Structure formats: C-alpha cells, structure tokens
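Source file: final.csv. Holds: CSV, C-alpha atoms and all ligand atoms.
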chain,number,residue,atom,x,y,z
S,968,MET,CA,-188.7,73.3,-88.6
S,969,PHE,CA,-186.8,70.9,-86.4
S,970,LEU,CA,-183.4,71.8,-85.1
S,971,PRO,CA,-180.8,69.6,-83.5
S,972,GLN,CA,-181.4,69.7,-79.7
S,973,PRO,CA,-178.5,70.8,-77.6
S,974,ARG,CA,-177.8,68.9,-74.4
S,975,THR,CA,-180.6,69.7,-71.9
S,976,ASN,CA,-178.5,71.7,-69.5
S,977,ILE,CA,-177.1,73.9,-72.3
S,978,GLU,CA,-180.5,75.7,-72.3
S,979,LYS,CA,-179.7,76.9,-68.8
S,980,VAL,CA,-176.2,78.3,-69.7
S,981,SER,CA,-176.0,82.1,-69.8
S,982,PRO,CA,-172.9,82.8,-71.8
S,983,TYR,CA,-170.2,85.1,-70.6
S,984,LYS,CA,-170.9,88.7,-71.6
S,985,PRO,CA,-167.7,90.5,-72.0
S,986,GLY,CA,-167.3,94.3,-72.1
S,987,LYS,CA,-167.7,95.6,-75.7
S,988,PRO,CA,-164.7,96.8,-77.6
S,989,VAL,CA,-164.5,100.6,-78.0
S,990,GLU,CA,-165.1,100.5,-81.7
S,991,GLU,CA,-168.4,98.7,-81.2
S,992,VAL,CA,-169.6,101.2,-78.6
S,993,ILE,CA,-168.6,104.1,-80.9
S,994,ARG,CA,-170.5,102.6,-83.8
S,995,GLU,CA,-173.6,101.6,-81.8
S,996,LEU,CA,-174.0,105.0,-80.0
S,997,GLY,CA,-172.7,107.2,-82.7
S,998,LEU,CA,-170.2,108.7,-80.3
S,999,LYS,CA,-167.3,110.8,-81.4
S,1000,PRO,CA,-163.8,109.6,-80.5
S,1001,PRO,CA,-161.9,109.8,-78.4
S,1002,VAL,CA,-163.9,107.3,-76.3
S,1003,ILE,CA,-162.1,105.8,-73.4
S,1004,LYS,CA,-162.8,102.3,-72.1
S,1005,LEU,CA,-162.4,101.7,-68.4
S,1006,ALA,CA,-164.4,98.5,-68.5
S,1007,SER,CA,-162.4,95.3,-68.9
S,1008,ASN,CA,-159.4,95.7,-66.5
S,1009,GLU,CA,-157.0,96.0,-69.4
S,1010,ASN,CA,-153.6,97.7,-69.0
S,1011,PRO,CA,-153.9,101.3,-70.1
S,1012,LEU,CA,-150.2,101.4,-71.0
S,1013,GLY,CA,-150.7,98.9,-73.7
S,1014,PRO,CA,-148.8,95.7,-74.3
S,1015,SER,CA,-145.3,95.1,-72.9
S,1016,PRO,CA,-142.9,96.8,-75.4
S,1017,ARG,CA,-140.6,93.7,-75.1
S,1018,ALA,CA,-143.6,91.6,-76.2
S,1019,ILE,CA,-144.2,93.8,-79.2
S,1020,ASN,CA,-140.6,93.6,-80.3
S,1021,ALA,CA,-140.6,89.8,-79.9
S,1022,LEU,CA,-143.8,89.5,-81.9
S,1023,ARG,CA,-142.4,91.7,-84.7
S,1024,ARG,CA,-139.5,89.3,-85.0
S,1025,ALA,CA,-141.8,86.3,-85.1
S,1026,LEU,CA,-144.4,87.5,-87.6
S,1027,ASN,CA,-142.9,85.6,-90.5
S,1028,GLN,CA,-143.2,82.4,-88.5
S,1029,LEU,CA,-146.9,82.5,-88.2
S,1030,HIS,CA,-147.5,79.9,-90.9
S,1031,PHE,CA,-146.1,77.3,-88.5
S,1032,TYR,CA,-148.3,75.7,-85.8
S,1033,PRO,CA,-147.4,76.7,-82.3
S,1034,GLU,CA,-145.3,74.6,-80.0
S,1035,ASP,CA,-148.2,72.4,-78.7
S,1036,THR,CA,-146.8,71.8,-75.3
S,1037,ALA,CA,-145.7,75.5,-74.9
S,1038,PHE,CA,-142.4,74.1,-73.9
S,1039,TYR,CA,-140.3,77.3,-73.6
S,1040,LEU,CA,-143.1,79.2,-71.9
S,1041,ARG,CA,-143.7,76.5,-69.4
S,1042,GLN,CA,-140.0,76.2,-68.7
S,1043,ARG,CA,-139.9,79.9,-68.0
S,1044,ILE,CA,-142.9,79.7,-65.7
S,1045,ALA,CA,-141.4,76.7,-63.9
S,1046,ARG,CA,-138.2,78.7,-63.3
S,1047,MET,CA,-140.1,81.8,-62.2
S,1048,PHE,CA,-142.1,79.9,-59.6
S,1049,LYS,CA,-139.4,77.3,-58.7
S,1050,VAL,CA,-141.7,74.4,-59.6
S,1051,ASP,CA,-141.3,71.4,-61.9
S,1052,TYR,CA,-142.0,71.8,-65.6
S,1053,ASP,CA,-144.7,69.1,-65.2
S,1054,ALA,CA,-146.5,71.3,-62.7
S,1055,THR,CA,-147.2,74.0,-65.3
S,1056,ILE,CA,-149.9,74.4,-68.0
S,1057,VAL,CA,-150.7,77.2,-70.5
S,1058,GLY,CA,-154.2,78.3,-71.6
S,1059,ASN,CA,-155.9,80.5,-74.1
S,1060,GLY,CA,-156.3,83.1,-71.4
S,1061,SER,CA,-156.9,81.9,-67.8
S,1062,VAL,CA,-160.6,81.4,-68.6
S,1063,ASP,CA,-159.5,78.5,-70.8
S,1064,LEU,CA,-157.9,76.9,-67.7
S,1065,ILE,CA,-161.1,77.4,-65.7
S,1066,TYR,CA,-163.1,75.7,-68.3
S,1067,MET,CA,-160.5,72.9,-68.5
S,1068,ALA,CA,-160.8,72.4,-64.8
S,1069,CYS,CA,-164.6,72.2,-65.0
S,1070,ALA,CA,-164.4,69.7,-67.9
S,1071,ALA,CA,-161.8,67.5,-66.2
S,1072,TYR,CA,-163.2,67.4,-62.7
S,1073,LEU,CA,-167.0,68.0,-62.8
S,1074,ASP,CA,-169.4,65.1,-63.4
S,1075,PRO,CA,-173.1,66.0,-63.6
S,1076,ASP,CA,-174.3,66.8,-60.1
S,1077,ASP,CA,-170.7,67.4,-58.8
S,1078,GLU,CA,-170.5,70.7,-57.1
S,1079,LEU,CA,-168.5,73.9,-57.6
S,1080,ILE,CA,-168.5,76.4,-54.8
S,1081,MET,CA,-167.6,80.0,-55.3
S,1082,SER,CA,-168.6,83.5,-54.1
S,1083,ALA,CA,-171.9,84.9,-55.4
S,1084,GLY,CA,-170.1,88.2,-56.2
S,1085,GLY,CA,-167.2,86.4,-57.9
S,1086,PHE,CA,-165.9,86.0,-61.5
S,1087,ILE,CA,-168.3,84.7,-64.0
S,1088,ALA,CA,-166.3,82.1,-65.9
S,1089,PRO,CA,-166.6,79.3,-63.4
S,1090,ARG,CA,-170.3,79.7,-63.3
S,1091,VAL,CA,-170.5,79.1,-67.0
S,1092,GLY,CA,-168.0,76.2,-66.8
S,1093,ALA,CA,-170.1,74.5,-64.1
S,1094,ALA,CA,-173.3,75.0,-66.1
S,1095,ILE,CA,-171.8,73.5,-69.3
S,1096,MET,CA,-170.9,70.4,-67.3
S,1097,ASN,CA,-174.3,70.2,-65.7
S,1098,ALA,CA,-172.7,70.5,-62.4
S,1099,ARG,CA,-174.2,72.0,-59.3
S,1100,LEU,CA,-173.2,75.6,-58.5
S,1101,THR,CA,-173.2,76.8,-55.0
S,1102,GLN,CA,-172.7,80.5,-54.7
S,1103,ILE,CA,-171.9,81.9,-51.2
S,1104,PRO,CA,-172.8,85.5,-50.6
S,1105,THR,CA,-169.9,87.7,-49.8
S,1106,ALA,CA,-169.6,89.1,-46.3
S,1107,ASN,CA,-168.7,92.8,-46.1
S,1108,TYR,CA,-167.6,92.7,-49.7
S,1109,ARG,CA,-165.1,89.9,-49.1
S,1110,HIS,CA,-165.1,86.1,-49.7
S,1111,ASN,CA,-166.9,84.4,-46.8
S,1112,LEU,CA,-164.4,81.6,-46.3
S,1113,GLU,CA,-166.1,80.2,-43.2
S,1114,ARG,CA,-169.4,79.8,-45.0
S,1115,MET,CA,-167.6,78.3,-48.0
S,1116,ALA,CA,-165.8,75.7,-45.8
S,1117,GLU,CA,-169.1,74.9,-44.0
S,1118,SER,CA,-170.8,74.4,-47.3
S,1119,ILE,CA,-168.6,71.6,-48.6
S,1120,THR,CA,-170.6,68.4,-49.3
S,1121,PRO,CA,-169.6,65.0,-50.5
S,1122,GLN,CA,-170.3,66.2,-54.0
S,1123,THR,CA,-168.0,69.2,-53.8
S,1124,LYS,CA,-165.2,68.9,-56.4
S,1125,ILE,CA,-164.0,72.4,-57.0
S,1126,ILE,CA,-163.8,75.6,-54.9
S,1127,TYR,CA,-163.1,78.7,-57.0
S,1128,LEU,CA,-161.5,81.6,-55.2
S,1129,ASP,CA,-160.4,84.7,-57.1
S,1130,ASN,CA,-158.0,86.6,-55.0
S,1131,PRO,CA,-158.5,89.6,-55.3
S,1132,ILE,CA,-162.1,89.0,-56.0
S,1133,ASN,CA,-163.5,90.5,-59.2
S,1134,PRO,CA,-165.4,92.9,-59.2
S,1135,LEU,CA,-164.8,93.9,-55.6
S,1136,GLY,CA,-161.0,94.1,-55.5
S,1137,THR,CA,-160.8,92.8,-51.9
S,1138,ILE,CA,-158.4,90.0,-50.9
S,1139,VAL,CA,-158.3,87.0,-48.7
S,1140,THR,CA,-155.2,87.4,-46.4
S,1141,ARG,CA,-152.5,84.8,-45.9
S,1142,LYS,CA,-153.7,84.0,-42.4
S,1143,GLU,CA,-157.2,83.5,-43.6
S,1144,LEU,CA,-156.2,81.3,-46.5
S,1145,ASP,CA,-153.9,79.2,-44.3
S,1146,GLU,CA,-156.8,78.5,-42.0
S,1147,PHE,CA,-159.2,77.8,-44.9
S,1148,MET,CA,-156.8,75.4,-46.7
S,1149,GLU,CA,-156.6,73.3,-43.5
S,1150,CYS,CA,-160.4,72.7,-43.6
S,1151,ILE,CA,-160.4,71.5,-47.2
S,1152,PRO,CA,-160.6,67.8,-47.9
S,1153,ASP,CA,-158.0,66.4,-50.3
S,1154,ARG,CA,-160.7,65.4,-52.8
S,1155,VAL,CA,-161.5,69.0,-53.5
S,1156,LEU,CA,-159.5,71.1,-56.0
S,1157,VAL,CA,-159.1,74.7,-54.9
S,1158,ILE,CA,-158.7,77.1,-57.8
S,1159,LEU,CA,-156.7,80.1,-56.7
S,1160,ASP,CA,-157.2,82.7,-59.4
S,1161,GLU,CA,-154.5,85.3,-59.1
S,1162,ALA,CA,-155.2,87.4,-62.2
S,1163,TYR,CA,-154.1,90.6,-60.5
S,1164,ALA,CA,-151.3,89.3,-58.3
S,1165,GLU,CA,-148.6,91.3,-60.1
S,1166,TYR,CA,-150.2,94.5,-59.0
S,1167,ILE,CA,-150.0,93.6,-55.3
S,1168,THR,CA,-147.1,94.3,-53.0
S,1169,SER,CA,-148.8,93.8,-49.6
S,1170,ARG,CA,-147.2,91.2,-47.4
S,1171,GLU,CA,-150.7,90.1,-46.3
S,1172,TYR,CA,-151.4,88.8,-49.8
S,1173,PRO,CA,-150.9,85.1,-50.0
S,1174,ARG,CA,-149.0,83.6,-53.0
S,1175,GLY,CA,-150.8,80.5,-54.3
S,1176,VAL,CA,-147.5,78.8,-55.0
S,1177,ASP,CA,-146.8,78.5,-51.3
S,1178,TYR,CA,-149.9,76.3,-51.0
S,1179,TYR,CA,-148.7,74.2,-53.9
S,1180,ASN,CA,-145.4,73.8,-52.1
S,1181,LYS,CA,-147.3,72.8,-48.9
S,1182,ASN,CA,-148.7,69.9,-51.0
S,1183,HIS,CA,-152.3,71.3,-51.2
S,1184,ASN,CA,-154.5,70.4,-54.1
S,1185,VAL,CA,-154.6,73.8,-55.6
S,1186,LEU,CA,-154.6,75.1,-59.2
S,1187,ILE,CA,-153.0,78.5,-59.3
S,1188,LEU,CA,-154.1,80.7,-62.2
S,1189,ARG,CA,-152.2,83.6,-63.6
S,1190,THR,CA,-152.8,85.6,-66.8
S,1191,CYS,CA,-150.8,87.8,-69.2
S,1192,SER,CA,-154.0,89.8,-69.8
S,1193,LYS,CA,-153.7,92.3,-67.0
S,1194,ILE,CA,-150.3,93.7,-66.0
S,1195,HIS,CA,-148.5,92.4,-69.0
S,1196,GLY,CA,-151.1,94.0,-71.4
S,1197,LEU,CA,-151.7,91.0,-73.6
S,1198,ALA,CA,-155.5,90.5,-73.2
S,1199,GLY,CA,-156.0,90.5,-77.0
S,1200,LEU,CA,-153.6,87.6,-77.5
S,1201,ARG,CA,-155.3,85.4,-75.0
S,1202,ILE,CA,-152.7,83.7,-72.8
S,1203,GLY,CA,-152.7,82.6,-69.2
S,1204,TYR,CA,-151.0,79.8,-67.2
S,1205,GLY,CA,-151.5,77.5,-64.3
S,1206,ILE,CA,-149.6,75.6,-61.6
S,1207,ALA,CA,-150.7,72.5,-59.9
S,1208,LYS,CA,-149.5,69.0,-59.0
S,1209,PRO,CA,-148.4,67.1,-62.1
S,1210,GLU,CA,-151.3,64.6,-61.7
S,1211,ILE,CA,-153.8,67.5,-61.8
S,1212,ILE,CA,-152.0,69.0,-64.8
S,1213,GLN,CA,-152.2,65.7,-66.6
S,1214,SER,CA,-156.0,65.6,-66.1
S,1215,LEU,CA,-156.3,69.2,-67.5
S,1216,MET,CA,-154.1,68.2,-70.5
S,1217,LYS,CA,-156.6,65.5,-71.4
S,1218,VAL,CA,-159.3,68.1,-72.1
S,1219,ARG,CA,-157.1,70.8,-73.5
S,1220,LEU,CA,-157.7,71.7,-77.2
S,1221,PRO,CA,-154.6,71.1,-79.3
S,1222,PHE,CA,-152.6,74.3,-79.9
S,1223,ASN,CA,-154.7,76.2,-77.3
S,1224,ALA,CA,-152.0,78.8,-77.0
S,1225,SER,CA,-151.1,80.5,-80.3
S,1226,ARG,CA,-147.6,80.9,-81.5
S,1227,ALA,CA,-147.9,84.7,-81.2
S,1228,ALA,CA,-149.3,84.5,-77.7
S,1229,GLN,CA,-146.5,82.2,-76.5
S,1230,ILE,CA,-143.8,84.4,-77.9
S,1231,ALA,CA,-145.3,87.5,-76.5
S,1232,ALA,CA,-145.8,86.0,-73.1
S,1233,LEU,CA,-142.2,84.8,-72.9
S,1234,ALA,CA,-141.0,88.4,-73.5
S,1235,ALA,CA,-143.6,90.0,-71.3
S,1236,LEU,CA,-142.8,87.9,-68.2
S,1237,ASP,CA,-139.3,89.4,-68.4
S,1238,ASP,CA,-140.4,93.0,-68.9
S,1239,THR,CA,-139.9,94.2,-65.4
S,1240,ARG,CA,-139.8,97.8,-66.5
S,1241,HIS,CA,-143.3,97.6,-68.0
S,1242,ILE,CA,-144.5,95.7,-65.0
S,1243,GLN,CA,-143.2,98.3,-62.6
S,1244,ARG,CA,-144.5,101.2,-64.6
S,1245,SER,CA,-147.9,99.6,-64.8
S,1246,ARG,CA,-148.0,99.1,-61.1
S,1247,ARG,CA,-147.0,102.7,-60.4
S,1248,ILE,CA,-149.6,104.2,-62.7
S,1249,ASN,CA,-152.2,101.9,-61.2
S,1250,GLU,CA,-151.4,103.0,-57.6
S,1251,ALA,CA,-151.5,106.6,-58.6
S,1252,GLY,CA,-154.8,106.1,-60.5
S,1253,LYS,CA,-156.4,104.4,-57.5
S,1254,ALA,CA,-155.3,107.1,-55.1
S,1255,LEU,CA,-156.9,109.7,-57.4
S,1256,PHE,CA,-160.2,107.7,-57.6
S,1257,TYR,CA,-160.3,107.3,-53.8
S,1258,LYS,CA,-159.8,111.0,-53.2
S,1259,GLU,CA,-162.5,112.0,-55.7
S,1260,PHE,CA,-165.0,109.4,-54.5
S,1261,LYS,CA,-164.5,110.6,-51.0
S,1262,GLN,CA,-165.2,114.2,-52.1
S,1263,LEU,CA,-168.3,113.0,-54.0
S,1264,LYS,CA,-169.4,111.1,-50.9
S,1265,LEU,CA,-169.5,107.8,-52.8
S,1266,PHE,CA,-169.1,104.4,-51.2
S,1267,TYR,CA,-166.1,102.6,-52.7
S,1268,LEU,CA,-163.8,99.7,-51.9
S,1269,GLU,CA,-160.1,99.9,-51.7
S,1270,SER,CA,-158.9,97.6,-54.4
S,1271,TYR,CA,-155.9,95.3,-54.7
S,1272,GLY,CA,-156.4,95.1,-58.5
S,1273,ASN,CA,-156.5,97.5,-61.4
S,1274,PHE,CA,-160.2,98.4,-61.0
S,1275,VAL,CA,-162.4,100.0,-58.3
S,1276,PHE,CA,-165.9,99.1,-57.2
S,1277,VAL,CA,-168.0,102.2,-56.5
S,1278,ASN,CA,-171.5,102.3,-55.3
S,1279,PHE,CA,-174.1,105.0,-56.1
S,1280,ALA,CA,-177.1,104.2,-53.9
S,1281,VAL,CA,-179.2,104.6,-57.2
S,1282,ASP,CA,-179.5,102.3,-60.2
S,1283,ALA,CA,-175.9,102.4,-61.6
S,1284,GLN,CA,-177.3,101.8,-65.1
S,1285,LEU,CA,-178.2,105.5,-65.1
S,1286,VAL,CA,-174.7,106.6,-64.2
S,1287,PHE,CA,-173.2,104.1,-66.7
S,1288,GLU,CA,-175.3,105.6,-69.5
S,1289,ALA,CA,-174.6,109.2,-68.5
S,1290,LEU,CA,-170.9,108.4,-68.5
S,1291,GLN,CA,-171.2,106.5,-71.8
S,1292,ARG,CA,-172.9,109.5,-73.5
S,1293,GLN,CA,-169.7,111.5,-72.5
S,1294,GLY,CA,-167.5,108.9,-74.1
S,1295,VAL,CA,-166.5,107.0,-71.0
S,1296,ILE,CA,-167.2,103.3,-70.8
S,1297,THR,CA,-167.3,101.6,-67.4
S,1298,ARG,CA,-168.8,98.2,-66.3
S,1299,THR,CA,-172.2,97.7,-64.7
S,1300,LEU,CA,-172.4,94.9,-62.2
S,1301,LYS,CA,-176.0,93.7,-62.4
S,1302,GLU,CA,-174.9,90.2,-63.4
S,1303,TYR,CA,-172.7,90.2,-60.3
S,1304,GLU,CA,-175.8,91.2,-58.2
S,1305,PHE,CA,-174.6,94.8,-57.5
S,1306,PRO,CA,-177.1,96.8,-59.5
S,1307,ASN,CA,-176.1,100.1,-57.8
S,1308,ALA,CA,-172.4,99.8,-58.5
S,1309,LEU,CA,-170.0,100.2,-61.3
S,1310,ARG,CA,-166.5,98.7,-61.7
S,1311,VAL,CA,-164.1,101.2,-63.1
S,1312,THR,CA,-160.8,100.1,-64.5
S,1313,VAL,CA,-157.8,102.4,-63.6
S,1314,GLY,CA,-156.6,104.2,-66.7
S,1315,LYS,CA,-153.8,106.6,-67.6
S,1316,GLU,CA,-153.8,109.8,-65.7
S,1317,ASN,CA,-155.6,111.8,-68.4
S,1318,GLU,CA,-158.2,109.1,-68.7
S,1319,ASN,CA,-158.8,108.9,-65.0
S,1320,ARG,CA,-159.3,112.7,-64.9
S,1321,ARG,CA,-161.7,112.5,-67.8
S,1322,PHE,CA,-163.7,109.8,-66.1
S,1323,ILE,CA,-163.9,111.9,-62.9
S,1324,LYS,CA,-165.0,115.0,-64.8
S,1325,ALA,CA,-167.7,112.9,-66.6
S,1326,LEU,CA,-168.7,111.4,-63.3
S,1327,ARG,CA,-169.2,114.8,-61.7
S,1328,THR,CA,-171.4,115.9,-64.6
S,1329,ALA,CA,-173.4,112.6,-64.5
S,1330,LEU,CA,-174.0,113.0,-60.8
S,1331,GLU,CA,-175.1,116.6,-61.1
S,1332,ILE,CA,-177.7,115.5,-63.5
S,1333,LEU,CA,-178.8,112.4,-61.6
S,1334,ARG,CA,-178.7,113.6,-58.0
S,1335,PRO,CA,-181.5,115.9,-56.8
S,1336,PRO,CA,-179.8,119.0,-55.3
S,1337,ALA,CA,-180.9,118.1,-51.7
S,1338,ASP,CA,-179.1,114.7,-52.1
S,1339,SER,CA,-175.7,116.4,-52.2
S,1340,GLU,CA,-176.1,117.1,-48.5
S,1341,THR,CA,-176.7,113.5,-47.5
S,1342,GLU,CA,-174.0,110.9,-47.5
S,1343,ALA,CA,-174.4,108.0,-50.0
S,1344,THR,CA,-174.0,104.7,-48.2
S,1345,GLY,CA,-172.8,101.4,-49.5
S,1346,GLU,CA,-176.2,99.8,-49.7
S,1401,LIG,C1,-160.5,87.0,-61.7
S,1401,LIG,C2,-160.2,86.9,-63.1
S,1401,LIG,N1,-159.8,85.8,-63.6
S,1401,LIG,C3,-159.5,85.7,-65.0
S,1401,LIG,C4,-159.7,86.8,-65.8
S,1401,LIG,C5,-159.6,86.6,-67.3
S,1401,LIG,O1,-158.3,86.4,-67.6
S,1401,LIG,P1,-157.9,85.9,-69.1
S,1401,LIG,O2,-158.0,87.1,-70.0
S,1401,LIG,O3,-156.6,85.4,-68.8
S,1401,LIG,O4,-158.8,84.8,-69.6
S,1401,LIG,C6,-160.2,88.0,-65.3
S,1401,LIG,C7,-160.5,89.1,-66.3
S,1401,LIG,O5,-161.1,90.0,-66.1
S,1401,LIG,C8,-160.5,88.1,-63.9
S,1401,LIG,O6,-160.9,89.2,-63.4

Go ahead and render the structure in this file as structure tokens.
Amino acid sequence: MFLPQPRTNIEKVSPYKPGKPVEEVIRELGLKPPVIKLASNENPLGPSPRAINALRRALNQLHFYPEDTAFYLRQRIARMFKVDYDATIVGNGSVDLIYMACAAYLDPDDELIMSAGGFIAPRVGAAIMNARLTQIPTANYRHNLERMAESITPQTKIIYLDNPINPLGTIVTRKELDEFMECIPDRVLVILDEAYAEYITSREYPRGVDYYNKNHNVLILRTCSKIHGLAGLRIGYGIAKPEIIQSLMKVRLPFNASRAAQIAALAALDDTRHIQRSRRINEAGKALFYKEFKQLKLFYLESYGNFVFVNFAVDAQLVFEALQRQGVITRTLKEYEFPNALRVTVGKENENRRFIKALRTALEILRPPADSETEATGE
C-alpha cells in the first residue's frame, strides 16, 4: 500500500520523548500508588494558588477564544522586565518559542549550534527545518563557550544556550557570557533559555534581559512550567528586539496560548509567596540530596535548577528500574549521552527522603559489597 511520503528530512527526526505521566507508569508496571515522579522538573508544590483561584473565576469563559495577541500577559511581562510591549511574545510553553525560532530563522543547511548535553527541543526544531545541527561537547559538565564561538560558520543562524543547562544544572557566569556575546556576529540569533532562572539568586548568574538592553540579538526564553507550577497548562514567554518578535509572530499558530494558560500565568507571575516557597523547598531538597550523595560516594553536580545530575559509574538504567520498582520515577539520560547518570527532580521533603531510601536499597542490590569501599567517580 502506498502512503503519502513525508518530507525527506522528517525521516531523520527523532521526536521529543517526554517523561511519562505518573498514571501511565502505574498502569504499565502495575505499581501500587503512591508513586512519586521526580522526572520532569515539575514544581512539587503544585500550581501557584493565585493561578488556581484566577482559573476558577475564568472557567465559565472557556467558550471564548483566547486573546490572540496575549495582550494583558505581554503587557505584564513588558512591565516586569522593563522592556517594550513589542519586545515580548508568548508561547505554548517555551518549547513552542524554540520551534518558532527554528521555523522563522533556519533555511535548509543553515546551522544551529548548541551543547551536546543540552536540551532536546532545539535539536528536533533544527531537524524539522532540515537545518544543520552542530553539537559541541560540554567541558567539565559546562557549556564550552570557547568552542561554540570558534565553531561559528557563515551558515550559523542560531546558537542555543540553556542557562542553567538541562540536564546538568550548571551555569554560564555573567563574565563568561559577556565575553561570549562580544564574539557573536550580529547575523546570529542567540537563544538564552532561562527556564530555571527564578530559582537562582547567585549574583554570578547573568540575566538575559541585560543583553537585550545592550542591543544584542538575543531571544530570552522563560517559562511558567517550572517555579510557577503550570507545566500542564503550557505557557512560556520570550523577549527579543521587536524585529525578531515580528519574525516569530509570522510562524506562530493562531491562539497558541490558551485562555486558561494566559489567565493562570498572569496570576502566577504575581504570586511571590509561591515563588519564594518553591525556591526555599528546592534549596532544602538539593542540600539533602548533596549530603546523601556524598555519603553514598556518588558523583553529582551542584545544580542551579530544580533537578540534580547524579552519576553511578554503572548503567543508570539499572538504578532507574530499581527505583521505579519502588515507586520512584526519575529520568535516564541516555539520549543526552550520559548513560551512567540520572536526573532527579527535587521534590517535597517526604518525596526526597523516599527517593533517598529507595536509592539506598537500589544501590545495595546493584553494588557488589567490595564496591562500597571504592569511590565512585564521575566517569
Ligand atoms: C532548558 C529548558 N527549556 C525549556 C523547557 C520546557 O519548558 P516548557 O514547559 O515551557 O515548554 C525545559 C523543561 O524541562 C527545559 O529544561
């Protein structure tokens, strides 16, 4: 039987594989609840309570299409970052904005540069456009900015930099980014993906909007999926020069941000109490993880996000499965080229403790007794 043929490069696209929802894992493995999911960097405290209240009030408006230009939300974002309204854009999650940037800027054979260990969405975006993808290996678990800058060719159109980098959680510092931006030709769009920015208080962490203010060709991405707890609604936003925003608007699907998502985001951005609580619980959770990983002699990276990269010096699939059998879902990193590591999202205190207990059990089973004497290394 003949089938319509997709565009030739579509054959090569490996679709984004998100973590499975808890319900699906319970069903597939026949696990008994409660199962905890520390796999998708979601906020364990749940959605911003202000967002929930705003949504409740808006439920009887859902028969109306959303505000297509997301006027009120963009106005709020413009005020928050002290930029013009025309410099803002809203997406169906920030991945929507990554895809829009690829669709608007990449001709076939144009090039997108990113880190090999980096977030997966730009790789898919580039593949869909039949663009060239250059992946620069990380150096010491951090973006290798020097190599990235050296790799720029006349075909380079986009450089994608997630800061902090997912799944490693390390950052590019202000000083490093200042130097890097000076080496970037004006014809290149630098996407600064700041999905975890609200968790970070370090002065070393560069704020993308500063580079926008210095007239660089950056697209700054933020999301309501992380600290604001709205991953299920799908809403993210971007800041860039109005000319860049206009190009993105041309490839944007109509009504790409739902009415519910816009209303919830508007309320969540103002919910400082929820943001502060989320930050506090995240810091406490990371401190617990670090202490326990040290005791277990596991190599880990100190993270600026709400997740921690931990390495086992054995195939992490085994650890993943042993944890999963105990009702704890984490994330393997094979597709990020770290087969021996897991990414663990920081949960609530009881969830973190349950994870640690399950990890101890898993390692007892997996590690031969003599191994407990030797230190696990990062490789
Ligand atoms: C670096 C990075 N960017 C973007 C996203 C996705 O954000 P959104 O839910 O807004 O599409 C994630 C989610 O894990 C991420 O880690």

Applying 10 Å and all atoms listed in the file, which residues near Gly1196 of chain S remain after dropping the ones on its own chain fewer than 5 positions away? List them as a PyMOL selection string. chain S and resi 1008-1016+1018+1190-1191+1232+1235+1241-1242+1245

Taking only C-alpha atoms and all ligand atoms into account, which residues are within 9 Å of ligand LIG 1401 (chain S), as a PyMOL selection string? chain S and resi 985+1007-1009+1058-1065+1085-1088+1128-1134+1160-1163+1188-1193+1197-1204+1272

Find the spatial neighbours of Ile1003 of chain S, counting all atoms listed in the file, within a cut-off of 7 Å - ignore same-chain residues fewer than 4 positions away - and output them as an NGL selection string. :S and (1294-1296 or 1318)

Kindly indicate which residue among S:Lys1315, S:Lys1124, S:Lys1049, S:Lys979 lies nearest to Lys1253 of chain S, using only C-alpha atoms for the distances. S:Lys1315

Nearest-residue call for Asn1307 of chain S, choices S:Ile1151, S:Ala1283, S:Lys1142, S:Ala1093, using all atoms listed in the file: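 So, comparing all the options, the nearest one is S:Ala1283.
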
Which residues, written as a PyMOL selection string, have at least one atom at most 12 Å from Phe1031 of chain S, with all atoms listed in the file counted and residues fewer than 4 positions away on the same chain left out? chain S and resi 1025-1027+1035+1222+1225-1227

Have a look at S:Ile977, S:Ile1323, S:Leu998, S:Ile1187 and name the one nearest to Asn1097 of chain S; count all atoms listed in the file. S:Ile977

Of the candidates S:Arg974, S:Lys1208, S:Arg994, S:His1110, which shows the shortest atom-to-atom distance to Lys1181 of chain S, using all atoms listed in the file? S:Lys1208

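Considering the residues S:Asn1278, S:Thr1105, S:Asn1223, S:Thr1055 and counting all atoms listed in the file, Lys1264 of chain S has its shortest atom-to-atom contact with S:Asn1278.
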
Restricting the calculation to all atoms listed in the file, which member of S:Ile1119, S:Ala1083, S:Leu1144, S:Ala1234 is positioned closest to Lys1301 of chain S?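 The closest residue to Lys1301 of chain S is S:Ala1083.
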